[in-house]
>>> print(open('entry16.cif').read())   # mmCIF, C-alpha atoms
data_input
loop_
_atom_site.label_atom_id
_atom_site.label_comp_id
_atom_site.auth_asym_id
_atom_site.auth_seq_id
_atom_site.Cartn_x
_atom_site.Cartn_y
_atom_site.Cartn_z
CA MET A 25 -46.63 -30.75 22.56
CA LYS A 26 -48.26 -32.61 25.46
CA THR A 27 -51.88 -32.17 24.30
CA ARG A 28 -53.53 -35.32 22.97
CA LEU A 29 -54.63 -34.68 19.40
CA PRO A 30 -57.47 -36.45 17.55
CA MET A 31 -55.51 -36.01 14.29
CA LEU A 32 -52.80 -38.24 15.82
CA GLY A 33 -55.24 -40.80 17.17
CA GLY A 34 -55.13 -39.40 20.71
CA LEU A 35 -51.34 -39.31 20.83
CA THR A 36 -49.42 -36.23 21.86
CA VAL A 37 -47.00 -34.74 19.37
CA ASN A 38 -44.09 -35.97 21.50
CA GLU A 39 -45.49 -39.52 21.58
CA PHE A 40 -46.04 -39.54 17.83
CA LEU A 41 -42.53 -38.29 17.11
CA ARG A 42 -41.00 -40.74 19.57
CA ASP A 43 -42.89 -43.87 18.54
CA TYR A 44 -43.91 -43.43 14.88
CA TRP A 45 -42.15 -40.64 12.99
CA GLN A 46 -39.72 -42.25 10.53
CA LYS A 47 -40.24 -45.56 12.33
CA LYS A 48 -43.56 -47.27 11.58
CA PRO A 49 -46.99 -46.67 10.01
CA LEU A 50 -49.96 -45.33 11.94
CA LEU A 51 -53.64 -45.61 10.97
CA ILE A 52 -55.83 -42.87 12.45
CA ARG A 53 -59.59 -43.22 12.15
CA LYS A 54 -61.47 -39.91 12.09
CA ALA A 55 -58.28 -37.89 12.29
CA PHE A 56 -60.30 -35.01 10.81
CA PRO A 57 -63.92 -35.97 11.61
CA ASP A 58 -65.56 -33.21 9.54
CA PHE A 59 -63.22 -33.45 6.56
CA ASN A 60 -64.82 -34.24 3.21
CA GLY A 61 -62.19 -32.72 0.97
CA LEU A 62 -61.35 -29.29 -0.40
CA LEU A 63 -62.13 -29.92 -4.08
CA ASP A 64 -64.47 -32.04 -6.14
CA PRO A 65 -63.08 -34.16 -9.01
CA GLN A 66 -63.99 -31.64 -11.71
CA GLN A 67 -62.28 -28.81 -9.84
CA LEU A 68 -59.13 -30.93 -9.50
CA ILE A 69 -59.17 -31.71 -13.23
CA GLU A 70 -59.55 -28.00 -14.00
CA LEU A 71 -56.59 -27.25 -11.74
CA ALA A 72 -54.55 -29.95 -13.50
CA CYS A 73 -55.13 -28.07 -16.76
CA GLU A 74 -53.66 -24.81 -15.44
CA GLU A 75 -50.44 -23.83 -17.19
CA ASP A 76 -48.25 -23.50 -14.09
CA VAL A 77 -49.47 -26.63 -12.29
CA GLN A 78 -47.55 -29.90 -12.08
CA ALA A 79 -49.84 -32.87 -12.64
CA ARG A 80 -49.72 -36.47 -13.84
CA ILE A 81 -52.19 -38.95 -15.30
CA VAL A 82 -51.53 -42.61 -14.56
CA THR A 83 -53.41 -45.30 -16.47
CA GLN A 84 -53.52 -49.05 -16.00
CA SER A 85 -54.79 -51.42 -18.67
CA ARG A 86 -54.18 -55.16 -18.92
CA GLY A 87 -51.55 -54.96 -16.20
CA GLN A 88 -49.55 -52.25 -17.98
CA PHE A 89 -49.07 -48.78 -16.54
CA GLY A 90 -48.98 -45.57 -18.56
CA LEU A 91 -47.82 -42.12 -17.44
CA ARG A 92 -48.41 -38.65 -18.85
CA HIS A 93 -47.22 -35.30 -17.47
CA SER A 94 -48.84 -31.87 -17.61
CA PRO A 95 -49.65 -29.57 -19.33
CA PHE A 96 -53.10 -31.02 -19.96
CA MET A 97 -56.20 -29.98 -21.85
CA PRO A 98 -59.75 -30.87 -20.67
CA GLU A 99 -60.10 -33.35 -23.53
CA ASP A 100 -57.13 -35.29 -22.16
CA PHE A 101 -59.50 -36.60 -19.49
CA ASP A 102 -61.96 -38.09 -21.99
CA GLY A 103 -61.95 -41.53 -23.51
CA PHE A 104 -60.15 -43.66 -20.96
CA GLY A 105 -62.49 -46.52 -21.87
CA LYS A 106 -62.05 -49.49 -19.57
CA ALA A 107 -58.63 -48.36 -18.38
CA LYS A 108 -58.20 -47.64 -14.70
CA TRP A 109 -56.78 -44.17 -14.20
CA THR A 110 -55.89 -41.49 -11.69
CA VAL A 111 -54.84 -37.85 -11.83
CA LEU A 112 -52.37 -36.43 -9.30
CA VAL A 113 -51.85 -32.69 -8.80
CA GLN A 114 -48.81 -31.39 -6.92
CA GLY A 115 -48.58 -28.22 -4.85
CA VAL A 116 -52.30 -27.66 -4.35
CA ASN A 117 -51.40 -25.52 -1.32
CA HIS A 118 -49.88 -23.02 -3.77
CA PHE A 119 -53.26 -22.35 -5.34
CA LEU A 120 -55.89 -23.02 -2.70
CA PRO A 121 -55.98 -21.06 0.59
CA GLU A 122 -57.94 -23.87 2.26
CA ALA A 123 -55.08 -26.25 1.40
CA SER A 124 -52.59 -23.94 3.07
CA GLU A 125 -54.86 -23.86 6.12
CA LEU A 126 -54.95 -27.68 6.17
CA LEU A 127 -51.15 -27.77 6.30
CA ARG A 128 -51.18 -25.63 9.45
CA HIS A 129 -52.37 -28.72 11.35
CA PHE A 130 -49.02 -30.35 10.54
CA SER A 131 -46.85 -27.50 11.85
CA PHE A 132 -45.46 -29.79 14.55
CA ILE A 133 -43.13 -30.91 11.75
CA PRO A 134 -40.62 -28.11 10.86
CA HIS A 135 -41.48 -26.08 7.76
CA ALA A 136 -38.02 -26.91 6.40
CA ARG A 137 -39.21 -30.51 5.96
CA LEU A 138 -42.51 -29.73 4.23
CA ASP A 139 -42.73 -30.50 0.52
CA ASP A 140 -46.33 -29.89 -0.53
CA LEU A 141 -49.93 -31.06 -0.56
CA MET A 142 -50.68 -33.41 -3.45
CA VAL A 143 -54.29 -34.28 -4.28
CA SER A 144 -55.31 -37.27 -6.37
CA TYR A 145 -58.57 -38.43 -7.87
CA ALA A 146 -59.38 -41.88 -9.20
CA PRO A 147 -62.58 -43.66 -10.19
CA LYS A 148 -63.12 -47.22 -8.96
CA GLY A 149 -60.03 -49.38 -9.40
CA GLY A 150 -57.67 -46.47 -10.06
CA GLY A 151 -54.26 -46.14 -8.43
CA VAL A 152 -50.55 -45.86 -9.18
CA GLY A 153 -49.57 -49.40 -8.24
CA PRO A 154 -47.52 -50.76 -5.33
CA HIS A 155 -44.51 -48.56 -4.66
CA PHE A 156 -42.47 -46.92 -1.94
CA ASP A 157 -41.49 -43.30 -1.34
CA SER A 158 -38.27 -41.92 0.10
CA TYR A 159 -40.15 -39.36 2.19
CA ASP A 160 -42.68 -39.20 5.05
CA VAL A 161 -46.31 -38.82 4.05
CA PHE A 162 -49.72 -38.42 5.69
CA LEU A 163 -52.51 -39.81 3.47
CA LEU A 164 -55.77 -38.08 4.36
CA GLN A 165 -58.92 -39.39 2.76
CA GLY A 166 -61.43 -36.97 1.28
CA LEU A 167 -64.18 -38.03 -1.13
CA GLY A 168 -65.01 -41.73 -1.30
CA HIS A 169 -63.05 -44.72 -0.08
CA ARG A 170 -59.55 -46.00 -0.78
CA ARG A 171 -58.10 -49.37 0.12
CA TRP A 172 -54.55 -49.08 1.38
CA GLN A 173 -52.27 -52.11 1.41
CA ILE A 174 -48.89 -51.73 3.11
CA SER A 175 -45.74 -53.75 3.65
CA THR A 176 -42.49 -53.21 5.51
CA GLN A 177 -40.70 -55.63 3.16
CA GLU A 178 -37.02 -55.10 2.47
CA ASP A 179 -37.24 -56.26 -1.16
CA GLN A 180 -37.57 -53.05 -3.19
CA THR A 181 -36.90 -54.53 -6.65
CA LEU A 182 -38.79 -52.59 -9.32
CA ILE A 183 -40.43 -53.75 -12.53
CA GLU A 184 -37.95 -53.05 -15.32
CA GLY A 185 -39.09 -50.72 -18.07
CA ALA A 186 -42.20 -49.49 -16.25
CA PRO A 187 -42.83 -45.71 -16.46
CA LEU A 188 -43.44 -45.69 -12.71
CA ARG A 189 -41.46 -47.11 -9.81
CA ILE A 190 -43.68 -50.21 -9.40
CA LEU A 191 -42.56 -52.94 -7.03
CA LYS A 192 -41.99 -56.25 -8.73
CA ASP A 193 -42.96 -58.42 -5.73
CA PHE A 194 -45.34 -56.62 -3.37
CA ARG A 195 -46.32 -58.70 -0.34
CA VAL A 196 -49.28 -57.25 1.56
CA GLU A 197 -48.90 -57.33 5.34
CA GLN A 198 -51.80 -55.07 6.37
CA GLU A 199 -54.70 -53.39 4.61
CA TRP A 200 -57.54 -51.04 5.49
CA VAL A 201 -60.27 -49.12 3.71
CA LEU A 202 -60.14 -45.40 4.57
CA GLU A 203 -63.15 -43.13 4.40
CA ALA A 204 -63.51 -39.36 4.64
CA GLY A 205 -61.45 -37.96 7.53
CA ASP A 206 -59.35 -41.10 8.07
CA MET A 207 -55.58 -40.73 7.75
CA LEU A 208 -52.61 -43.04 7.33
CA TYR A 209 -49.05 -42.02 8.21
CA LEU A 210 -46.25 -43.82 6.36
CA PRO A 211 -42.52 -43.44 7.08
CA PRO A 212 -39.98 -43.49 4.23
CA HIS A 213 -39.56 -46.74 2.27
CA CYS A 214 -42.78 -48.30 3.60
CA ALA A 215 -44.24 -50.06 0.56
CA HIS A 216 -47.89 -49.21 -0.14
CA ASN A 217 -50.62 -49.58 -2.71
CA GLY A 218 -53.77 -47.45 -2.81
CA ILE A 219 -56.80 -48.68 -4.76
CA ALA A 220 -59.95 -46.59 -5.21
CA GLU A 221 -63.06 -48.42 -4.00
CA ASP A 222 -65.30 -45.80 -5.65
CA ASP A 223 -64.87 -42.21 -6.84
CA CYS A 224 -62.04 -41.32 -4.51
CA MET A 225 -59.85 -38.35 -3.59
CA THR A 226 -56.78 -38.51 -1.35
CA TYR A 227 -54.80 -35.63 0.13
CA SER A 228 -51.10 -36.44 0.52
CA ILE A 229 -49.08 -34.25 2.87
CA GLY A 230 -45.47 -35.00 1.95
CA PHE A 231 -42.24 -34.13 3.77
CA ARG A 232 -39.01 -33.90 1.82
CA THR A 233 -35.89 -35.91 2.69
CA PRO A 234 -33.06 -34.57 0.49
CA ALA A 235 -30.21 -36.95 -0.23
CA TYR A 236 -26.85 -36.03 1.28
CA GLN A 237 -25.29 -36.25 -2.19
CA GLU A 238 -27.75 -33.61 -3.43
CA LEU A 239 -27.07 -31.39 -0.41
CA ALA A 240 -23.31 -31.70 -0.84
CA GLU A 241 -23.47 -30.84 -4.54
CA GLN A 242 -25.71 -27.83 -3.96
CA PHE A 243 -23.55 -26.64 -1.04
CA LEU A 244 -20.55 -26.54 -3.38
CA VAL A 245 -22.61 -24.51 -5.85
CA TYR A 246 -23.58 -22.18 -2.99
CA LEU A 247 -19.91 -21.79 -1.98
CA GLN A 248 -18.59 -20.98 -5.43
CA ASP A 249 -19.97 -17.43 -5.28
CA ARG A 250 -18.82 -16.88 -1.69
CA ILE A 251 -15.21 -18.06 -1.55
CA GLU A 252 -12.09 -16.00 -2.10
CA VAL A 253 -8.76 -17.67 -2.79
CA ASP A 254 -5.98 -15.10 -3.12
CA GLY A 255 -3.01 -15.29 -5.44
CA MET A 256 -2.21 -16.93 -8.75
CA TYR A 257 -0.21 -19.99 -9.66
CA ALA A 258 3.46 -19.18 -10.15
CA ASP A 259 6.60 -21.25 -10.65
CA PRO A 260 9.68 -18.98 -10.82
CA ASP A 261 11.81 -21.93 -9.67
CA LEU A 262 10.51 -24.24 -12.41
CA LYS A 263 12.79 -27.23 -13.08
CA ALA A 264 13.12 -29.14 -16.34
CA GLN A 265 11.14 -32.41 -16.37
CA LYS A 266 12.06 -35.68 -17.97
CA HIS A 267 8.39 -36.18 -18.93
CA PRO A 268 6.64 -32.92 -19.97
CA SER A 269 3.23 -34.60 -19.77
CA GLU A 270 3.59 -35.27 -16.05
CA ILE A 271 1.95 -33.02 -13.43
CA SER A 272 4.76 -32.27 -11.03
CA ALA A 273 4.73 -32.77 -7.28
CA ALA A 274 5.58 -29.06 -6.87
CA MET A 275 2.48 -28.02 -8.80
CA LEU A 276 0.31 -30.37 -6.76
CA ARG A 277 1.67 -28.97 -3.48
CA GLN A 278 1.08 -25.37 -4.53
CA VAL A 279 -2.51 -26.00 -5.72
CA GLU A 280 -3.22 -28.07 -2.61
CA GLN A 281 -2.23 -25.16 -0.39
CA ALA A 282 -4.42 -22.79 -2.40
CA ILE A 283 -7.48 -25.04 -2.18
CA LYS A 284 -6.96 -25.43 1.55
CA GLN A 285 -7.87 -21.74 1.83
CA VAL A 286 -11.49 -22.72 1.16
CA ARG A 287 -13.22 -22.72 4.55
CA TRP A 288 -16.76 -22.90 5.85
CA ASP A 289 -18.42 -22.98 9.23
CA LYS A 290 -21.81 -23.74 10.79
CA GLU A 291 -23.20 -20.36 9.78
CA ASP A 292 -22.31 -21.02 6.15
CA ILE A 293 -24.10 -24.37 6.31
CA ALA A 294 -27.12 -22.85 8.08
CA ASN A 295 -27.40 -20.07 5.49
CA PHE A 296 -27.04 -22.57 2.68
CA LEU A 297 -29.81 -24.73 4.14
CA GLY A 298 -32.07 -21.72 4.63
CA CYS A 299 -31.62 -20.63 1.02
CA TYR A 300 -31.75 -24.13 -0.43
CA LEU A 301 -34.81 -25.33 1.49
CA SER A 302 -36.77 -22.13 0.83
CA GLU A 303 -35.88 -21.99 -2.87
CA PRO A 304 -39.05 -22.21 -5.00
CA LYS A 305 -39.24 -25.14 -7.41
CA PRO A 306 -38.32 -24.26 -11.01
CA HIS A 307 -41.93 -24.11 -12.22
CA ILE A 308 -43.04 -21.63 -9.53
CA PHE A 309 -43.37 -17.95 -10.44
CA PHE A 310 -44.71 -15.05 -8.39
CA ASP A 311 -47.26 -12.53 -9.61
CA ILE A 312 -46.15 -8.98 -8.97
CA PRO A 313 -48.91 -6.48 -8.14
CA GLY A 314 -50.39 -4.90 -11.27
CA CYS A 315 -50.94 -1.50 -9.65
CA PRO A 316 -48.65 -1.59 -6.63
CA LEU A 317 -49.28 0.53 -3.56
CA THR A 318 -46.82 3.27 -2.79
CA LEU A 319 -44.58 2.71 0.21
CA ALA A 320 -46.70 5.16 2.20
CA LYS A 321 -49.94 3.34 1.32
CA PHE A 322 -48.31 -0.01 2.07
CA ARG A 323 -47.24 1.23 5.50
CA GLN A 324 -50.84 2.29 6.17
CA ALA A 325 -52.07 -1.20 5.20
CA LEU A 326 -49.38 -2.79 7.38
CA HIS A 327 -50.44 -0.57 10.29
CA LYS A 328 -54.18 -1.34 9.88
CA ARG A 329 -54.30 -4.92 8.56
CA GLY A 330 -50.90 -6.59 8.64
CA VAL A 331 -49.56 -8.85 5.89
CA ALA A 332 -49.85 -12.47 4.75
CA LEU A 333 -47.44 -14.58 2.71
CA ASP A 334 -48.34 -15.53 -0.82
CA LEU A 335 -49.42 -19.18 -0.99
CA LYS A 336 -46.29 -20.04 -2.98
CA SER A 337 -43.83 -18.37 -0.60
CA GLN A 338 -41.55 -20.41 1.63
CA MET A 339 -40.04 -18.59 4.60
CA LEU A 340 -37.61 -20.05 7.15
CA SER A 341 -35.53 -18.72 10.03
CA HIS A 342 -32.32 -19.53 11.90
CA GLY A 343 -30.29 -17.60 14.43
CA GLU A 344 -30.28 -13.99 13.26
CA TRP A 345 -31.18 -14.83 9.67
CA ILE A 346 -34.43 -14.96 7.72
CA PHE A 347 -34.77 -16.86 4.46
CA MET A 348 -37.43 -15.92 1.92
CA ASN A 349 -37.81 -17.88 -1.32
CA GLY A 350 -34.12 -18.73 -1.62
CA GLU A 351 -32.70 -15.41 -0.37
CA ALA A 352 -31.04 -14.68 2.99
CA PHE A 353 -31.69 -11.55 5.05
CA GLN A 354 -30.20 -10.39 8.35
CA PRO A 355 -32.71 -7.96 9.89
CA GLN A 356 -32.19 -5.70 12.87
CA GLU A 357 -32.29 -7.52 16.18
CA GLY A 358 -35.62 -5.97 17.16
CA ASP A 359 -37.25 -6.92 13.84
CA TYR A 360 -36.23 -10.58 13.90
CA PRO A 361 -39.03 -11.83 16.25
CA LEU A 362 -41.72 -10.29 14.00
CA LEU A 363 -40.23 -11.86 10.88
CA ARG A 364 -39.93 -15.20 12.64
CA ASP A 365 -43.63 -14.96 13.55
CA LEU A 366 -44.40 -14.28 9.90
CA ALA A 367 -42.38 -17.37 8.96
CA ASP A 368 -44.11 -19.48 11.64
CA TRP A 369 -47.70 -18.46 10.96
CA ARG A 370 -47.49 -17.12 7.39
CA GLU A 371 -49.12 -13.86 8.42
CA LEU A 372 -48.63 -10.88 10.71
CA PRO A 373 -51.47 -9.00 12.40
CA ALA A 374 -51.69 -5.22 12.22
CA GLN A 375 -48.38 -3.61 13.16
CA ALA A 376 -48.85 -0.31 14.97
CA ASP A 377 -45.14 0.07 15.69
CA CYS A 378 -42.97 -1.12 12.82
CA SER A 379 -39.42 0.05 12.17
CA PRO A 380 -38.76 1.84 8.85
CA GLU A 381 -36.24 -0.86 7.91
CA LEU A 382 -38.77 -3.65 8.46
CA SER A 383 -41.56 -1.89 6.57
CA GLU A 384 -39.18 -1.28 3.66
CA LEU A 385 -38.16 -4.96 3.59
CA LEU A 386 -41.81 -6.08 3.69
CA TYR A 387 -42.61 -3.57 0.96
CA GLN A 388 -39.89 -5.00 -1.27
CA TRP A 389 -41.30 -8.48 -0.73
CA TYR A 390 -44.74 -7.10 -1.61
CA LEU A 391 -43.35 -5.71 -4.88
CA ASP A 392 -41.76 -9.11 -5.57
CA GLY A 393 -45.12 -10.85 -5.07
CA TYR A 394 -43.97 -12.69 -1.95
CA LEU A 395 -46.66 -11.26 0.34
CA THR A 396 -49.71 -9.00 0.34
CA PRO A 397 -51.59 -6.86 2.86
CA ARG A 398 -54.12 -8.98 4.73
#
>>> encode(input="entry16.cif", output="structure tokens")
Amino acid sequence: MKTRLPMLGGLTVNEFLRDYWQKKPLLIRKAFPDFNGLLDPQQLIELACEEDVQARIVTQSRGQFGLRHSPFMPEDFDGFGKAKWTVLVQGVNHFLPEASELLRHFSFIPHARLDDLMVSYAPKGGGVGPHFDSYDVFLLQGLGHRRWQISTQEDQTLIEGAPLRILKDFRVEQEWVLEAGDMLYLPPHCAHNGIAEDDCMTYSIGFRTPAYQELAEQFLVYLQDRIEVDGMYADPDLKAQKHPSEISAAMLRQVEQAIKQVRWDKEDIANFLGCYLSEPKPHIFFDIPGCPLTLAKFRQALHKRGVALDLKSQMLSHGEWIFMNGEAFQPQEGDYPLLRDLADWRELPAQADCSPELSELLYQWYLDGYLTPR
């Protein structure tokens, strides 16, 4: 945490978190000096046409924006004419091992905050218009050059009726042209506009910031399968009412006392967060092994090679609990450090001494498609 990192412009992690994270933008020239991108435009377009990929095409013609969502066919990328356009592909780290490796450089931010790696391509003039995001993002330039204009303006009024969240009055305060390896960090709600100077690809490392309303709603959903309220409503001392339509004070008191039995503590909240933040997005599915290894063969592979998480898996840890793709597990005390290492680094080296319980848990995850032998 005290090492000065080129990817942070010579800042230490502690300095970056103290002075910039969620506070103000930071431009970093040559953050990744040898970075030229992980895909070419045609490969990104082919990925956008995959059935289980989330992608968008944004067009701009005569000042009007258009938006289309995947699924796409290759011919959808023909015939844009004079329109400026861009394609954006979400979750590239779920399909490209090199993308997952790129995200390792950002592990100084907790995995629980990571959303995904989005990659965009645009020919000259393409972009999605001036807008702001509610999350933190690192914008790493790959192919070509992109002009970034930013503003810390408080006015976030949007153009009515536009298919995108385009700012109505964007006032540029700073702008730079980024080339391959340059990176721009933007905190939430920092207005920005990216315009391709030539054939241009940008890699956006985004970090989620769930709304408290969303968390509260989902926590109540989480609780509904875990609470027990004993007894049933009863009124053996029922009194006649002048108004039969009125809910009586006695009924209110009785139901109030029953609902007060609902309790939760920090562990409930921690387990909810672990499950909620590791839950795969609705469009994500795991491929189970076609010809799965037997448990004995899997244990041999674990002993000789170790295991690695599937690119789509999300694994978190807290206290004595491990969370894998929306499920909570409480391993044996001696197994927890190994599982936490797997969550930290997304792989485990060869395990010469592995408890039967741990190997069986890893084997079940293998059968579920969550991990594979290295």
>>> residues_around(input="entry16.cif", residues="range 33-41 of chain A", least_positions_apart="5", cutoff="12 Å", atoms="all atoms listed in the file", output="list of chain:residue names")
A:Met25, A:Lys26, A:Thr27, A:Arg28, A:Gln46, A:Lys47, A:Lys48, A:Pro49, A:Leu50, A:Leu51, A:Ile52, A:Arg53, A:Lys54, A:Ala55, A:Phe56, A:Pro57, A:His129, A:Phe130, A:Ser131, A:Phe132, A:Ile133, A:Gly205, A:Asp206, A:Met207, A:Leu208, A:Tyr209, A:Pro211
>>> resolve_selection(input="entry16.cif", expression="the PyMOL selection byres ((chain A and resi 253) around 10)", output="compact mmCIF listing (two decimals) with C-alpha atoms, in the frame of the given file")
# COMPACT_ATOMS: atom_id res chain seq x y z
CA ILE A 251 -15.21 -18.06 -1.55
CA GLU A 252 -12.09 -16.00 -2.10
CA ASP A 254 -5.98 -15.10 -3.12
CA GLY A 255 -3.01 -15.29 -5.44
CA MET A 256 -2.21 -16.93 -8.75
CA ALA A 282 -4.42 -22.79 -2.40
CA ILE A 283 -7.48 -25.04 -2.18
CA LYS A 284 -6.96 -25.43 1.55
CA GLN A 285 -7.87 -21.74 1.83
CA VAL A 286 -11.49 -22.72 1.16
CA ARG A 287 -13.22 -22.72 4.55
>>> closest_residue(input="entry16.cif", among="A:Phe296, A:Trp369, A:Tyr257, A:Tyr145", to="Arg277 in chain A", atoms="only C-alpha atoms")
A:Tyr257
>>> closest_residue(input="entry16.cif", among="A:Trp172, A:Trp45, A:Phe89, A:Phe96", to="Val201 in chain A", atoms="all atoms listed in the file")
A:Trp172
>>> closest_atom_pairs(input="entry16.cif", of="range 82-148 of chain A", to="range 331-336 of chain A", cutoff="9 Å", atoms="all atoms listed in the file", output="JSON lines")
{"residue": "A:Gly115", "atom": "CA", "partner": "A:Lys336", "partner_atom": "CA", "distance": 8.7}
{"residue": "A:Asn117", "atom": "CA", "partner": "A:Leu335", "partner_atom": "CA", "distance": 6.7}
{"residue": "A:His118", "atom": "CA", "partner": "A:Lys336", "partner_atom": "CA", "distance": 4.7}
{"residue": "A:Phe119", "atom": "CA", "partner": "A:Leu335", "partner_atom": "CA", "distance": 6.6}
{"residue": "A:Leu120", "atom": "CA", "partner": "A:Leu335", "partner_atom": "CA", "distance": 7.7}
{"residue": "A:Pro121", "atom": "CA", "partner": "A:Leu335", "partner_atom": "CA", "distance": 7.0}
{"residue": "A:Ser124", "atom": "CA", "partner": "A:Leu335", "partner_atom": "CA", "distance": 7.0}
>>> residues_around(input="entry16.cif", residues="Phe310 in chain A", least_positions_apart="3", cutoff="8 Å", atoms="all atoms listed in the file", output="NGL selection string")
:A and (336 or 392-394)
>>> resolve_selection(input="entry16.cif", expression="the PyMOL selection byres ((chain A and resi 381) around 12)", output="VMD selection string")
chain A and resid 319 323 353 to 360 377 to 380 382 to 388
